[in-house]
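A.B. asks: The following file, final-v8.cif, comprises mmCIF, C-alpha atoms:
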data_query
#
loop_
_atom_site.group_PDB
_atom_site.id
_atom_site.type_symbol
_atom_site.label_atom_id
_atom_site.label_comp_id
_atom_site.auth_asym_id
_atom_site.auth_seq_id
_atom_site.Cartn_x
_atom_site.Cartn_y
_atom_site.Cartn_z
ATOM 1 C CA MET N 47 0.000 0.000 0.000
ATOM 2 C CA SER N 48 1.714 3.195 -1.202
ATOM 3 C CA GLY N 49 1.128 6.651 0.230
ATOM 4 C CA LEU N 50 1.020 8.097 3.729
ATOM 5 C CA PHE N 51 -1.022 6.083 6.239
ATOM 6 C CA ASP N 52 -1.281 6.102 10.009
ATOM 7 C CA THR N 53 -1.347 2.990 12.186
ATOM 8 C CA TYR N 54 -5.151 2.846 11.889
ATOM 9 C CA HIS N 55 -4.924 2.614 8.072
ATOM 10 C CA ARG N 56 -6.230 6.144 7.507
ATOM 11 C CA ARG N 57 -4.786 7.719 4.372
ATOM 12 C CA ILE N 58 -3.189 11.112 5.089
ATOM 13 C CA ASN N 59 -3.270 13.371 2.026
ATOM 14 C CA TYR N 60 -4.013 16.807 3.478
ATOM 15 C CA MET N 61 -1.576 19.159 5.211
ATOM 16 C CA ARG N 62 -2.463 22.283 7.164
ATOM 17 C CA ILE N 63 0.366 24.816 7.294
ATOM 18 C CA SER N 64 0.466 27.555 9.926
ATOM 19 C CA ILE N 65 2.706 30.411 8.833
ATOM 20 C CA THR N 66 2.403 32.717 11.855
ATOM 21 C CA ASP N 67 1.192 32.744 15.438
ATOM 22 C CA ARG N 68 0.217 36.406 15.183
ATOM 23 C CA CYS N 69 -3.270 37.750 14.565
ATOM 24 C CA ASN N 70 -5.050 41.078 14.130
ATOM 25 C CA MET N 71 -7.980 39.879 16.238
ATOM 26 C CA CYS N 72 -8.292 38.466 19.740
ATOM 27 C CA CYS N 73 -11.227 36.055 19.654
ATOM 28 C CA ILE N 74 -12.556 34.905 23.006
ATOM 29 C CA TYR N 75 -12.404 31.206 22.077
ATOM 30 C CA CYS N 76 -8.880 31.350 20.677
ATOM 31 C CA THR N 77 -6.598 33.639 22.698
ATOM 32 C CA ALA N 78 -7.541 33.224 26.317
ATOM 33 C CA ARG N 79 -3.988 33.236 27.636
ATOM 34 C CA SER N 80 -1.098 35.643 27.161
ATOM 35 C CA VAL N 81 1.854 33.755 25.693
ATOM 36 C CA PRO N 82 5.066 35.210 24.190
ATOM 37 C CA ARG N 83 4.932 35.252 20.406
ATOM 38 C CA LEU N 84 7.469 33.534 18.206
ATOM 39 C CA THR N 85 10.499 35.460 17.014
ATOM 40 C CA HIS N 86 11.451 35.907 13.378
ATOM 41 C CA ASP N 87 14.110 33.188 13.631
ATOM 42 C CA ASP N 88 11.610 30.747 15.178
ATOM 43 C CA ILE N 89 9.328 30.765 12.176
ATOM 44 C CA LEU N 90 9.836 28.670 9.069
ATOM 45 C CA ARG N 91 10.840 30.546 5.926
ATOM 46 C CA TYR N 92 8.714 30.141 2.811
ATOM 47 C CA LYS N 93 11.408 28.125 1.030
ATOM 48 C CA GLU N 94 11.651 25.841 4.059
ATOM 49 C CA ILE N 95 7.901 25.262 3.944
ATOM 50 C CA GLN N 96 8.158 24.475 0.246
ATOM 51 C CA ARG N 97 10.849 21.882 0.941
ATOM 52 C CA ILE N 98 8.725 20.187 3.603
ATOM 53 C CA VAL N 99 5.791 20.150 1.195
ATOM 54 C CA LYS N 100 7.971 18.475 -1.453
ATOM 55 C CA ALA N 101 8.713 15.715 1.040
ATOM 56 C CA ALA N 102 5.021 15.408 1.912
ATOM 57 C CA VAL N 103 3.992 15.205 -1.742
ATOM 58 C CA GLY N 104 6.333 12.275 -2.186
ATOM 59 C CA LEU N 105 4.206 10.469 0.415
ATOM 60 C CA GLY N 106 0.920 11.277 -1.317
ATOM 61 C CA VAL N 107 -0.122 14.632 0.143
ATOM 62 C CA LYS N 108 -2.110 16.547 -2.478
ATOM 63 C CA SER N 109 -3.997 19.293 -0.649
ATOM 64 C CA LEU N 110 -2.686 22.199 1.423
ATOM 65 C CA ARG N 111 -4.342 24.776 3.639
ATOM 66 C CA ILE N 112 -2.504 27.891 4.823
ATOM 67 C CA THR N 113 -3.477 29.034 8.324
ATOM 68 C CA GLY N 114 -2.233 31.118 11.248
ATOM 69 C CA GLY N 115 -2.848 32.924 13.649
ATOM 70 C CA GLU N 116 -4.056 35.132 10.863
ATOM 71 C CA PRO N 117 -1.953 34.195 7.821
ATOM 72 C CA LEU N 118 -2.453 37.489 6.007
ATOM 73 C CA VAL N 119 -0.595 39.450 8.689
ATOM 74 C CA ARG N 120 2.591 37.767 7.450
ATOM 75 C CA PRO N 121 4.130 39.688 4.532
ATOM 76 C CA ASP N 122 3.816 38.475 0.946
ATOM 77 C CA VAL N 123 1.706 35.364 1.478
ATOM 78 C CA SER N 124 1.103 35.264 -2.280
ATOM 79 C CA ALA N 125 4.809 34.459 -2.706
ATOM 80 C CA LEU N 126 4.327 31.346 -0.565
ATOM 81 C CA VAL N 127 1.220 30.367 -2.530
ATOM 82 C CA GLU N 128 3.213 30.656 -5.749
ATOM 83 C CA LEU N 129 6.045 28.520 -4.336
ATOM 84 C CA LEU N 130 3.625 25.827 -3.214
ATOM 85 C CA SER N 131 1.716 25.857 -6.493
ATOM 86 C CA GLN N 132 5.000 25.029 -8.245
ATOM 87 C CA VAL N 133 5.330 21.733 -6.360
ATOM 88 C CA ASP N 134 4.357 18.876 -8.668
ATOM 89 C CA GLY N 135 1.548 16.830 -7.179
ATOM 90 C CA ILE N 136 -0.231 19.599 -5.277
ATOM 91 C CA THR N 137 -3.767 19.861 -6.607
ATOM 92 C CA ASP N 138 -5.398 22.238 -4.129
ATOM 93 C CA ILE N 139 -4.206 25.213 -2.072
ATOM 94 C CA SER N 140 -6.652 26.978 0.214
ATOM 95 C CA LEU N 141 -6.446 29.488 3.037
ATOM 96 C CA THR N 142 -8.262 30.098 6.320
ATOM 97 C CA THR N 143 -8.530 33.752 7.302
ATOM 98 C CA ASN N 144 -10.543 36.092 9.481
ATOM 99 C CA GLY N 145 -11.090 38.125 6.323
ATOM 100 C CA ALA N 146 -10.096 41.548 7.639
ATOM 101 C CA LEU N 147 -7.204 41.888 5.147
ATOM 102 C CA LEU N 148 -8.670 39.772 2.374
ATOM 103 C CA ALA N 149 -10.054 42.579 0.238
ATOM 104 C CA LYS N 150 -6.511 43.920 -0.066
ATOM 105 C CA TYR N 151 -4.911 40.624 -1.075
ATOM 106 C CA ALA N 152 -7.631 38.501 -2.715
ATOM 107 C CA ALA N 153 -6.686 39.263 -6.320
ATOM 108 C CA GLU N 154 -2.965 38.629 -5.927
ATOM 109 C CA LEU N 155 -3.573 35.454 -3.951
ATOM 110 C CA LYS N 156 -5.836 34.143 -6.703
ATOM 111 C CA GLU N 157 -3.261 35.022 -9.353
ATOM 112 C CA ALA N 158 -0.541 33.244 -7.343
ATOM 113 C CA GLY N 159 -2.524 30.004 -7.357
ATOM 114 C CA LEU N 160 -4.842 30.062 -4.335
ATOM 115 C CA LYS N 161 -8.016 28.123 -5.096
ATOM 116 C CA ARG N 162 -10.400 29.078 -2.297
ATOM 117 C CA VAL N 163 -10.792 30.526 1.185
ATOM 118 C CA ASN N 164 -12.554 29.822 4.470
ATOM 119 C CA ILE N 165 -13.483 33.006 6.306
ATOM 120 C CA SER N 166 -14.255 33.162 10.013
ATOM 121 C CA LEU N 167 -17.335 35.207 10.875
ATOM 122 C CA ASP N 168 -19.240 34.708 14.129
ATOM 123 C CA SER N 169 -21.755 37.552 14.124
ATOM 124 C CA PHE N 170 -23.453 40.081 11.861
ATOM 125 C CA LYS N 171 -23.945 42.456 14.785
ATOM 126 C CA ALA N 172 -21.209 45.053 15.185
ATOM 127 C CA ASP N 173 -21.254 45.199 18.978
ATOM 128 C CA ARG N 174 -21.298 41.425 19.303
ATOM 129 C CA PHE N 175 -18.590 41.032 16.673
ATOM 130 C CA LYS N 176 -16.432 43.400 18.716
ATOM 131 C CA TYR N 177 -17.089 41.432 21.900
ATOM 132 C CA ILE N 178 -16.100 38.136 20.241
ATOM 133 C CA THR N 179 -13.085 39.375 18.275
ATOM 134 C CA GLY N 180 -11.931 42.417 20.249
ATOM 135 C CA THR N 181 -12.033 44.534 17.069
ATOM 136 C CA ASP N 182 -14.300 46.779 14.989
ATOM 137 C CA LYS N 183 -13.415 44.987 11.749
ATOM 138 C CA LEU N 184 -16.837 43.595 10.775
ATOM 139 C CA GLY N 185 -17.023 45.861 7.730
ATOM 140 C CA GLU N 186 -13.578 44.766 6.564
ATOM 141 C CA VAL N 187 -14.550 41.101 6.897
ATOM 142 C CA LEU N 188 -17.731 41.574 4.869
ATOM 143 C CA ASN N 189 -15.708 43.415 2.212
ATOM 144 C CA GLY N 190 -13.231 40.536 2.206
ATOM 145 C CA ILE N 191 -16.011 38.038 1.558
ATOM 146 C CA GLU N 192 -17.220 40.036 -1.432
ATOM 147 C CA ALA N 193 -13.676 40.465 -2.765
ATOM 148 C CA ALA N 194 -13.033 36.725 -2.562
ATOM 149 C CA LYS N 195 -16.217 35.975 -4.476
ATOM 150 C CA LYS N 196 -15.408 38.632 -7.065
ATOM 151 C CA VAL N 197 -11.960 37.246 -7.923
ATOM 152 C CA GLY N 198 -13.194 33.648 -8.077
ATOM 153 C CA LEU N 199 -11.841 32.117 -4.875
ATOM 154 C CA ASP N 200 -14.607 29.580 -5.115
ATOM 155 C CA PRO N 201 -16.285 28.356 -3.028
ATOM 156 C CA VAL N 202 -16.041 30.937 -0.271
ATOM 157 C CA LYS N 203 -16.884 29.138 2.974
ATOM 158 C CA ILE N 204 -17.979 31.042 6.053
ATOM 159 C CA ASN N 205 -17.026 29.468 9.395
ATOM 160 C CA MET N 206 -19.197 30.332 12.385
ATOM 161 C CA VAL N 207 -18.151 29.123 15.834
ATOM 162 C CA VAL N 208 -21.434 28.830 17.689
ATOM 163 C CA LEU N 209 -21.262 29.949 21.336
ATOM 164 C CA LYS N 210 -24.204 29.281 23.636
ATOM 165 C CA GLY N 211 -25.592 32.478 25.071
ATOM 166 C CA ILE N 212 -23.383 34.648 22.889
ATOM 167 C CA ASN N 213 -24.202 34.224 19.189
ATOM 168 C CA ASP N 214 -26.384 31.121 18.961
ATOM 169 C CA ASP N 215 -29.421 33.317 18.277
ATOM 170 C CA GLU N 216 -27.863 34.191 14.879
ATOM 171 C CA VAL N 217 -27.719 30.615 13.592
ATOM 172 C CA ILE N 218 -30.851 31.098 11.468
ATOM 173 C CA ASP N 219 -29.576 34.399 10.044
ATOM 174 C CA PHE N 220 -26.426 32.663 8.839
ATOM 175 C CA ALA N 221 -28.323 29.737 7.325
ATOM 176 C CA ARG N 222 -30.578 32.160 5.483
ATOM 177 C CA MET N 223 -27.499 33.535 3.717
ATOM 178 C CA SER N 224 -27.187 30.206 1.889
ATOM 179 C CA LEU N 225 -30.570 31.043 0.360
ATOM 180 C CA ASP N 226 -30.276 34.791 -0.125
ATOM 181 C CA GLU N 227 -26.606 35.122 -1.103
ATOM 182 C CA GLY N 228 -25.478 31.610 -2.008
ATOM 183 C CA TRP N 229 -23.056 31.502 0.930
ATOM 184 C CA HIS N 230 -21.541 28.216 2.064
ATOM 185 C CA ILE N 231 -21.998 28.284 5.841
ATOM 186 C CA ARG N 232 -20.208 25.940 8.228
ATOM 187 C CA TYR N 233 -21.207 25.760 11.871
ATOM 188 C CA ILE N 234 -18.363 24.719 14.153
ATOM 189 C CA GLU N 235 -18.850 23.452 17.667
ATOM 190 C CA TYR N 236 -16.955 25.414 20.248
ATOM 191 C CA MET N 237 -14.018 23.315 21.461
ATOM 192 C CA PRO N 238 -13.301 23.740 25.198
ATOM 193 C CA PHE N 239 -9.561 23.263 25.513
ATOM 194 C CA ALA N 240 -6.360 25.194 26.301
ATOM 195 C CA ASP N 241 -7.205 27.902 28.874
ATOM 196 C CA THR N 242 -10.967 27.658 28.526
ATOM 197 C CA GLU N 243 -11.517 25.153 31.341
ATOM 198 C CA GLY N 244 -15.013 25.333 32.712
ATOM 199 C CA GLU N 245 -16.372 26.810 29.495
ATOM 200 C CA GLY N 246 -17.887 23.572 28.201
ATOM 201 C CA ASN N 247 -21.334 25.117 28.737
ATOM 202 C CA ARG N 248 -20.670 27.242 25.649
ATOM 203 C CA VAL N 249 -20.964 24.191 23.407
ATOM 204 C CA VAL N 250 -24.013 24.060 21.147
ATOM 205 C CA ALA N 251 -24.308 20.591 19.604
ATOM 206 C CA VAL N 252 -24.414 20.526 15.809
ATOM 207 C CA GLY N 253 -27.471 18.282 16.024
ATOM 208 C CA ASP N 254 -29.324 21.019 17.893
ATOM 209 C CA ILE N 255 -28.208 23.616 15.326
ATOM 210 C CA LEU N 256 -29.467 21.434 12.477
ATOM 211 C CA GLU N 257 -32.813 20.944 14.197
ATOM 212 C CA SER N 258 -33.307 24.650 14.863
ATOM 213 C CA ILE N 259 -32.562 25.559 11.240
ATOM 214 C CA GLN N 260 -35.026 22.998 9.935
ATOM 215 C CA GLN N 261 -37.718 24.203 12.328
ATOM 216 C CA SER N 262 -37.304 27.767 11.044
ATOM 217 C CA LEU N 263 -36.374 27.388 7.374
ATOM 218 C CA GLY N 264 -37.588 23.938 6.387
ATOM 219 C CA LYS N 265 -36.130 20.508 5.847
ATOM 220 C CA MET N 266 -32.560 20.273 4.598
ATOM 221 C CA GLU N 267 -31.322 17.510 2.332
ATOM 222 C CA PRO N 268 -27.841 15.994 2.718
ATOM 223 C CA CYS N 269 -25.498 16.906 -0.127
ATOM 224 C CA LEU N 270 -21.918 16.465 -1.211
ATOM 225 C CA PRO N 271 -19.389 19.197 -0.381
ATOM 226 C CA THR N 272 -18.715 21.691 -3.141
ATOM 227 C CA LYS N 273 -14.965 21.297 -2.674
ATOM 228 C CA GLY N 274 -12.656 20.625 0.224
ATOM 229 C CA ASN N 275 -10.977 18.092 2.461
ATOM 230 C CA GLY N 276 -12.547 18.837 5.812
ATOM 231 C CA PRO N 277 -14.835 16.886 8.152
ATOM 232 C CA ALA N 278 -18.050 18.880 7.667
ATOM 233 C CA LYS N 279 -21.352 17.178 6.896
ATOM 234 C CA TYR N 280 -23.228 19.217 4.289
ATOM 235 C CA TYR N 281 -26.898 19.972 3.671
ATOM 236 C CA LYS N 282 -28.951 22.226 1.425
ATOM 237 C CA LEU N 283 -32.133 24.140 2.023
ATOM 238 C CA HIS N 284 -34.693 23.850 -0.750
ATOM 239 C CA GLY N 285 -33.857 26.319 -3.500
ATOM 240 C CA ALA N 286 -30.521 27.373 -2.006
ATOM 241 C CA GLU N 287 -27.416 27.880 -4.111
ATOM 242 C CA GLY N 288 -25.244 27.692 -1.014
ATOM 243 C CA THR N 289 -24.758 24.878 1.464
ATOM 244 C CA VAL N 290 -24.926 24.480 5.226
ATOM 245 C CA GLY N 291 -22.201 22.402 6.868
ATOM 246 C CA PHE N 292 -21.681 21.108 10.391
ATOM 247 C CA ILE N 293 -18.392 20.331 12.148
ATOM 248 C CA GLY N 294 -19.069 18.584 15.440
ATOM 249 C CA ALA N 295 -15.682 18.032 17.015
ATOM 250 C CA VAL N 296 -17.217 17.499 20.456
ATOM 251 C CA THR N 297 -20.535 15.717 19.886
ATOM 252 C CA ASP N 298 -19.972 14.155 16.457
ATOM 253 C CA CYS N 299 -16.341 13.036 16.434
ATOM 254 C CA PHE N 300 -14.935 12.671 12.915
ATOM 255 C CA CYS N 301 -11.595 11.114 13.841
ATOM 256 C CA ALA N 302 -12.346 7.864 12.018
ATOM 257 C CA ASN N 303 -12.056 9.719 8.713
ATOM 258 C CA CYS N 304 -9.201 12.079 9.609
ATOM 259 C CA ASN N 305 -6.933 12.628 6.609
ATOM 260 C CA ARG N 306 -4.644 15.404 7.850
ATOM 261 C CA PHE N 307 -1.660 16.531 9.828
ATOM 262 C CA ARG N 308 -0.426 19.984 10.759
ATOM 263 C CA LEU N 309 2.786 21.946 10.405
ATOM 264 C CA THR N 310 3.128 24.690 13.017
ATOM 265 C CA ALA N 311 4.714 28.022 12.211
ATOM 266 C CA ASP N 312 7.815 27.065 14.208
ATOM 267 C CA GLY N 313 8.296 23.719 12.497
ATOM 268 C CA GLY N 314 6.407 21.162 14.536
ATOM 269 C CA LEU N 315 4.546 18.297 12.866
ATOM 270 C CA ARG N 316 1.326 17.650 14.768
ATOM 271 C CA PRO N 317 -0.798 14.620 13.944
ATOM 272 C CA CYS N 318 -3.832 16.012 15.812
ATOM 273 C CA LEU N 319 -5.151 19.456 16.683
ATOM 274 C CA LEU N 320 -6.279 18.289 20.111
ATOM 275 C CA GLU N 321 -3.244 16.283 21.247
ATOM 276 C CA ASP N 322 0.204 17.562 22.149
ATOM 277 C CA ASP N 323 2.100 14.861 20.230
ATOM 278 C CA GLU N 324 4.580 16.619 17.964
ATOM 279 C CA VAL N 325 7.669 15.927 15.852
ATOM 280 C CA ASP N 326 10.290 18.607 15.283
ATOM 281 C CA ILE N 327 11.065 18.995 11.596
ATOM 282 C CA LYS N 328 12.633 22.461 11.676
ATOM 283 C CA GLY N 329 15.798 21.296 13.466
ATOM 284 C CA PRO N 330 16.631 18.530 10.979
ATOM 285 C CA LEU N 331 15.607 20.755 8.061
ATOM 286 C CA ARG N 332 17.995 23.530 9.084
ATOM 287 C CA SER N 333 20.706 20.943 9.688
ATOM 288 C CA GLY N 334 20.532 19.878 6.051
ATOM 289 C CA ALA N 335 18.148 16.908 6.153
ATOM 290 C CA SER N 336 17.423 15.333 2.774
ATOM 291 C CA ILE N 337 13.945 15.055 1.295
ATOM 292 C CA GLU N 338 13.987 11.377 2.257
ATOM 293 C CA GLU N 339 14.851 12.237 5.879
ATOM 294 C CA LEU N 340 12.078 14.821 6.009
ATOM 295 C CA ALA N 341 9.653 12.259 4.612
ATOM 296 C CA ARG N 342 10.663 9.862 7.381
ATOM 297 C CA LEU N 343 9.801 12.510 9.982
ATOM 298 C CA ILE N 344 6.426 13.089 8.360
ATOM 299 C CA GLN N 345 5.719 9.366 8.489
ATOM 300 C CA GLU N 346 6.808 9.373 12.142
ATOM 301 C CA ALA N 347 4.237 12.054 12.871
ATOM 302 C CA ALA N 348 1.543 10.091 11.031
ATOM 303 C CA ASN N 349 2.379 7.012 13.107
ATOM 304 C CA MET N 350 1.674 9.043 16.252
ATOM 305 C CA LYS N 351 -1.941 9.736 15.287
ATOM 306 C CA ARG N 352 -4.276 8.370 17.914
ATOM 307 C CA GLU N 353 -7.481 6.533 17.145
ATOM 308 C CA HIS N 354 -9.528 9.489 18.350
ATOM 309 C CA HIS N 355 -9.184 12.653 20.419
ATOM 310 C CA ARG N 356 -10.370 12.968 24.021
ATOM 311 C CA LEU N 357 -12.390 16.155 23.687
ATOM 312 C CA GLY N 358 -15.863 15.554 25.046
ATOM 313 C CA GLU N 359 -14.608 12.719 27.268
ATOM 314 C CA GLU N 360 -12.404 14.856 29.501
ATOM 315 C CA PHE N 361 -11.026 18.371 29.726
ATOM 316 C CA VAL N 362 -8.031 18.764 27.444
ATOM 317 C CA ARG N 363 -5.447 21.362 28.440
ATOM 318 C CA GLY N 364 -3.083 21.679 25.525
ATOM 319 C CA LYS N 365 0.422 23.056 25.678
ATOM 320 C CA ARG N 366 -0.406 25.182 22.649
ATOM 321 C CA GLN N 367 -3.452 27.312 21.988
ATOM 322 C CA MET N 368 -5.447 27.344 18.745
ATOM 323 C CA TRP N 369 -3.553 30.287 17.283
ATOM 324 C CA GLN N 370 -0.254 28.501 17.882
ATOM 325 C CA ILE N 371 -1.348 25.388 16.008
ATOM 326 C CA GLY N 372 -3.295 26.626 13.014
ATOM 327 C CA GLY N 373 -6.799 25.349 13.799
#
Take the structure in the file and write it out as C-alpha cells.
C.D. replies:
Amino acid sequence: MSGLFDTYHRRINYMRISITDRCNMCCIYCTARSVPRLTHDDILRYKEIQRIVKAAVGLGVKSLRITGGEPLVRPDVSALVELLSQVDGITDISLTTNGALLAKYAAELKEAGLKRVNISLDSFKADRFKYITGTDKLGEVLNGIEAAKKVGLDPVKINMVVLKGINDDEVIDFARMSLDEGWHIRYIEYMPFADTEGEGNRVVAVGDILESIQQSLGKMEPCLPTKGNGPAKYYKLHGAEGTVGFIGAVTDCFCANCNRFRLTADGGLRPCLLEDDEVDIKGPLRSGASIEELARLIQEAANMKREHHRLGEEFVRGKRQMWQIGG
C-alpha cells in the first residue's frame, strides 16, 4: 500500500500549514492566555515550507491549507502560494482567514494560485462582533467576503463558531445567507480546551443547530461538499445555491475519517489538533536533512496519530493554543 497512512490505516493526504502565530484579532475562544509570540528566527521561511511540502507530496499529500494565527498578517503570502503551487503533485491550495485583510490581497492570492478561502465570521452584529473578536473589523470582513467571491476564490466558505448564550441566536440568520446570497456556511462546535476550562457550557451541539434551522427554514437535504478536504457534513435548504455544513468536534467526532496533519509556524509536525504529540522537523531541516529524511519525519508524525481525540470525554489542556497550532 503506497502513500502516507497512520497505524489505523487512515490515508493522510491533506496538510495544514500555519505560517504565523500572530493575529489582528483576539477572539474569546482562541486567545484566552497571554503567551510570548514567536520570534522571526523561530518561524519557518517560505522556502523551508516548500521543501517540507515536497517531502510530503512524495508520500501522497495533495492538498494544502494555509493558516495562522491570521496568515495574512505575514508579509507576501502570495509568494508562498506561488512557491507551493510550483510543487508537482499539489492539486489544491486553500487558506483560512478572518477576512479583515482579504479585500486587499484577494486578487494577488488568486493570481498566485490560491483556489479558495474559508473566512471566520461569528456575528453580523457590530457590537457582538467586537465582543467576540476584540475589534471593529466587521465591515472589513464583509468586504473581504465580497472580494473573494469577485476574484473567483470559489467556493467561499464562512465558518461560524457557535457559542451558547453569545451568538447562537444568529444561527438562522447565517443559514438564510445560503438562500439569499449563495453563501456556504459551516457551523463549528466550540471546542473547550487550552485555557478555557469550565467553558464547556458554551458548546451548542451541531445536532441542535441542524434541528433549529429545519424548524425555522424547512427541511434540509444531505449533499456532497462543493470542494474541500474537511470533516463537515453538508446539507442544502430547498432552493438554495449555497450549502450548510456542520463540524461537530465534540458531539460528532470525525476522527475515524481524519486525513490530515499539521505543520506549526515554528516547524512542529502535529498529527492532531487536540493532542500535544509533535515531531520537530525544523531542526533537521535547518541541519541539512534530505527530502527522504524529512519524509521519514512526516511518516513518524503520522504514526503518532491516535485513534480518536479525548475532547468531550475529559477536559483537554493543551500546551499550545489554537492560534499557535493553526486550527
A.B. asks: Using all atoms listed in the file, determine which residues lie at most 8 Å from Gly264 (chain N), disregarding the query and same-chain residues fewer than 5 positions distant; provide the list as number ranges by chain.
C.D. replies: N: 259, 283-284
A.B. asks: Just the residues within 8 Å of region 154-165 of chain N, please, counting only C-alpha atoms, with nothing from its chain fewer than 2 positions along; format it as a tab-separated table (two decimals) with C-alpha atoms, keeping the file's coordinate frame.
C.D. replies:
chain	number	residue	atom	x	y	z
N	123	VAL	CA	1.71	35.36	1.48
N	124	SER	CA	1.10	35.26	-2.28
N	125	ALA	CA	4.81	34.46	-2.71
N	127	VAL	CA	1.22	30.37	-2.53
N	128	GLU	CA	3.21	30.66	-5.75
N	131	SER	CA	1.72	25.86	-6.49
N	138	ASP	CA	-5.40	22.24	-4.13
N	139	ILE	CA	-4.21	25.21	-2.07
N	140	SER	CA	-6.65	26.98	0.21
N	141	LEU	CA	-6.45	29.49	3.04
N	142	THR	CA	-8.26	30.10	6.32
N	143	THR	CA	-8.53	33.75	7.30
N	144	ASN	CA	-10.54	36.09	9.48
N	145	GLY	CA	-11.09	38.12	6.32
N	151	TYR	CA	-4.91	40.62	-1.08
N	152	ALA	CA	-7.63	38.50	-2.72
N	167	LEU	CA	-17.34	35.21	10.88
N	191	ILE	CA	-16.01	38.04	1.56
N	194	ALA	CA	-13.03	36.72	-2.56
N	197	VAL	CA	-11.96	37.25	-7.92
N	198	GLY	CA	-13.19	33.65	-8.08
N	199	LEU	CA	-11.84	32.12	-4.88
N	200	ASP	CA	-14.61	29.58	-5.12
N	201	PRO	CA	-16.28	28.36	-3.03
N	202	VAL	CA	-16.04	30.94	-0.27
N	203	LYS	CA	-16.88	29.14	2.97
N	204	ILE	CA	-17.98	31.04	6.05
N	205	ASN	CA	-17.03	29.47	9.40
A.B. asks: I need the residue nearest Lys171 (chain N) from this list: N:Gly314, N:Gly106, N:Gly185, N:Pro277. Use only C-alpha atoms for the distance.
C.D. replies: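 So, comparing all the options, the nearest one is N:Gly185.
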A.B. asks: Between N:Glu227, N:Glu267, N:Glu186, N:Asp87, single out the one closest to Asn70 (chain N), counting only C-alpha atoms.
C.D. replies: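 Selected residue with least distance to Asn70 (chain N): N:Glu186.
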A.B. asks: If I take CA of Ala311 (chain N) and CA of Lys183 (chain N), how far is one from the other in Å, to one decimal?
C.D. replies: 24.8 Å
A.B. asks: Please list as an MDAnalysis selection string every residue within 9 Å of Asp323 (chain N), counting all atoms listed in the file and excluding residues in the same chain fewer than 5 positions away.
C.D. replies: chainID N and resid 315:318 347 350:351
A.B. asks: What is the CA of Lys265 (chain N)-CA of Arg232 (chain N) distance in Å, reported with one decimal?
C.D. replies: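 The value is 17.0 Å.
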A.B. asks: Skip Thr179 (chain N) itself and residues of its chain fewer than 6 positions away, then list as a count of residues only all residues within 6 Å of it, counting all atoms listed in the file.
C.D. replies: 3
A.B. asks: Given the file shown, determine the residues that the PyMOL selection byres ((chain N and resi 254) around 12) selects; report them as a list in words.
C.D. replies: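 When the PyMOL selection byres ((chain N and resi 254) around 12) is applied to the shown file, the picked residues are Val208, Lys210, Asp214, Val217, Tyr233, Glu235, Val249, Val250, Ala251, Val252, Gly253, Ile255, Leu256, Glu257, Ser258, Ile259, Gln260, Gln261, Phe292, Gly294, Thr297 and Asp298 of chain N.
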A.B. asks: Which residue is closest to Pro238 (chain N)? Choose from N:Arg352, N:Gly180, N:Tyr75, N:Tyr92 and count all atoms listed in the file.
C.D. replies: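 Under the stated criterion, the closest residue is N:Tyr75.
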A.B. asks: Using CA of Ala295 (chain N) and CA of Tyr60 (chain N) as the two end points, give the distance in Å to one decimal.
C.D. replies: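 According to the coordinates, CA of Ala295 (chain N) and CA of Tyr60 (chain N) are separated by 17.9 Å.
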A.B. asks: Mind working out the centre and edge lengths of an axis-aligned box for region 302-314 of chain N, all listed atoms inside, 3 Å added to each side, rounded to one decimal in Å and written as lines of an AutoDock Vina configuration file?
C.D. replies:
center_x = -2.0
center_y = 17.9
center_z = 10.6
size_x = 26.6
size_y = 26.2
size_z = 13.9
A.B. asks: Could you tell me which residues the PyMOL selection byres ((chain N and resi 276) around 12) grabs in this file, written as number ranges by chain?
C.D. replies: N: 59-62, 109-111, 140, 164, 203, 232, 234, 270-275, 277-280, 291-295, 300-301, 303-307, 373
A.B. asks: Restricting the calculation to only C-alpha atoms, which member of N:Glu94, N:Met206, N:Ala146, N:His55 is positioned closest to Leu184 (chain N)?
C.D. replies: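 Distance minimum relative to Leu184 (chain N) lands on N:Ala146.
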A.B. asks: Which of these, N:Arg56, N:Arg120, N:Arg342, N:Lys328, has the shortest distance to Asp312 (chain N) once you count all atoms listed in the file?
C.D. replies: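 Ranking N:Arg56, N:Arg120, N:Arg342, N:Lys328 by distance to Asp312 (chain N), first place goes to N:Lys328.
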A.B. asks: Using the chain letters and residue numbers of this document, give as a ChimeraX atom specification the residues selected by the PyMOL selection byres ((chain N and resi 190) around 6).
C.D. replies: /N:145,148-149,187-189,191-193
A.B. asks: Compile the contact shell of Cys69 (chain N) as a PyMOL selection string: residues with an atom at most 9 Å away, counting all atoms listed in the file, same-chain residues fewer than 5 positions apart removed.
C.D. replies: chain N and resi 114-119+369
A.B. asks: Next, the residues of the selection above should be written as a PDB file, keeping the file's coordinate frame with C-alpha atoms.
C.D. replies:
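Dumped everything to result_13.pdb:
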ATOM      1  CA  GLY N 114      -2.233  31.118  11.248  1.00  0.00           C
ATOM      2  CA  GLY N 115      -2.848  32.924  13.649  1.00  0.00           C
ATOM      3  CA  GLU N 116      -4.056  35.132  10.863  1.00  0.00           C
ATOM      4  CA  PRO N 117      -1.953  34.195   7.821  1.00  0.00           C
ATOM      5  CA  LEU N 118      -2.453  37.489   6.007  1.00  0.00           C
ATOM      6  CA  VAL N 119      -0.595  39.450   8.689  1.00  0.00           C
ATOM      7  CA  TRP N 369      -3.553  30.287  17.283  1.00  0.00           C
TER       8      TRP N 369
END
A.B. asks: Of the candidates N:Val103, N:Cys269, N:Ile231, N:Leu309, which one gets nearest to Gly288 (chain N) if we count only C-alpha atoms?
C.D. replies: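 Closest to Gly288 (chain N), using only C-alpha atoms: N:Ile231.
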